[in-house]
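Heads up, the thing below is written out as structure tokens.
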Amino acid sequence: MSMIGRHLLGINGLTREQVEYLLTTAEQFVEVSTRNVKKVPTLRGKTVINLFLEASTRTRSSFEIAGKRMSADVVNVSGSSSSTTKGETLIDTALTLESMDPDVVVIRHASSGAAHLIAKHLTRASVINAGDGLHEHPSQALLDALTMRQAFGTIEGLTVTIVGDVLRSRVARSNIHLLRLFGCSVRVVAPPTLAKKAEFEALGCQVFYHMPEALEGADVVMSLRMKHEYLKDLFVPNLDEYSRKYIVSEPMLARYAPNCKVLAPGPIIRGTEITSEVADGPRSLISRQVTNGVAVRMALLYVLGARRSDAARERDEEIEPLGLEAEASS
Ligand code: CP
């Protein structure tokens, strides 16, 4: 069993020590990713399946790059090209893939709980949740934490303001769980329809409906986009009005949180949730987040992919050698 158990399904339930272990492991892969030759043999012979049944640019490509940098065999299965389009259930898809003996299955799915569901049915592979519906996106929270730790030296005690559609954000939920482990002061700010006071206070956040007080003295401002793909109901009367009140802009940051850094999980919608001046400016850590995403996912594949080594070795030892080695020349 690895330090974090067999699967990574969410941040909720992890201890601070487990998060620190993952971040410290990721730091080592940050270094690997700066080398001229970025490939290491750590997961040679292991198989990683990326089962992405919902759209993704950053998460899918970084899990693929992470697996390849670790020398794993990486297979990508996407929604549009999988047999789920012919009516196969998620459980049957997962069991089919497990029959090919992968070490890790990375899953992105539009339904909350999808990663838990397949983890319950798979008997050998580790499952990594790469974002499930409105529930959690743990690898995103870890890469955000790594980015904050690099920028501030520690996450401990930071004041983090999360701006925007927290209601439909799995990134916000994973970040809140993680940041609370480190004693951070977490504020959420959004229109009342998108930030239910009772829900977010129960998670240990302060809830604001106006930007100035939410931004006051923040170390980190995290900008979320409107997740129109979930719950089609309109939560704001119109986007222009939303933008006028909640866009993350340089004049607002300069006035209320002059020393803050800005994160965004992406995709960013310029002009609605964040201005280009901020996204491309000196406060922005958005590119750094994407770069760190590869190192964090290398760490997760290492921790969970290497987990099977002992069991696999025992099983392999029971198998008669196939005699495929090249014959020694006489
Ligand atoms: N941040 C994130 O999950 O981005 P993708 O949807 O592009 O993977």
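A note on labels: chains of the structure tokens are A, B, ... as shown, every chain counts residues from 1, and ligands are counted from 1 in their shown order.
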With only C-alpha atoms counted and 10 Å as the cut-off, give the residues of range 157-228 of chain A in contact with range 149-153 of chain A, each with its shortest interatomic distance in Å and the pair that gives it, as a Markdown table.
| residue | atom | partner | partner_atom | distance |
| --- | --- | --- | --- | --- |
| A:Leu158 | CA | A:Phe152 | CA | 8.7 |
| A:Asp219 | CA | A:Phe152 | CA | 8.9 |
| A:Val220 | CA | A:Phe152 | CA | 9.8 |
* Site check for ligand 1: residues at most 6 Å away, only C-alpha atoms and all ligand atoms, as a list in words -> Ser56, Thr57, Arg58, Thr59, Arg60, Pro265, Gly266 and Pro267 of chain A
Each residue of range 108-170 of chain A lying at most 10 Å from range 248-261 of chain A should get a row with its shortest atom-to-atom pair and the distance in Å to one decimal, counting only C-alpha atoms; could you produce that, ordered by chain and increasing number, as CSV?
residue,atom,partner,partner_atom,distance
A:Met148,CA,A:Lys261,CA,8.6
A:Ala151,CA,A:Lys261,CA,8.2
A:Phe152,CA,A:Lys261,CA,9.5
A:Thr159,CA,A:Cys260,CA,9.5
A:Val160,CA,A:Cys260,CA,9.2
A:Thr161,CA,A:Cys260,CA,9.9
A:Val163,CA,A:Val248,CA,7.9
A:Gly164,CA,A:Val248,CA,9.4
Just C-alpha atoms for this one: save the residues we selected as a JSON list (two decimals), in the first residue's frame.
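Produced file out_10.json, reproduced below:
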[["chain", "number", "residue", "atom", "x", "y", "z"],
["A", 148, "MET", "CA", 1.80, 28.51, -3.91],
["A", 151, "ALA", "CA", 5.90, 31.39, -4.60],
["A", 152, "PHE", "CA", 5.62, 31.93, -0.83],
["A", 159, "THR", "CA", -5.05, 34.07, 2.82],
["A", 160, "VAL", "CA", -6.56, 32.72, -0.39],
["A", 161, "THR", "CA", -9.54, 34.32, -2.13],
["A", 163, "VAL", "CA", -13.39, 34.26, -7.06],
["A", 164, "GLY", "CA", -16.24, 33.06, -9.27]]
* Taking only C-alpha atoms into account, which of A:Ala218, A:Val48, A:Val262, A:Ile162 comes nearest Ile128 in chain A? -> A:Val48
* So which residues touch range 292-306 of chain A within 6 Å, counting only C-alpha atoms, skipping near sequence neighbours fewer than 6 positions away, as a ChimeraX atom specification? -> /A:25-26,29-30,62-63,66,103-104,143
* Pairwise distance for CA of Pro192 in chain A and CA of Met226 in chain A, rounded to one decimal in Å -> 14.1 Å
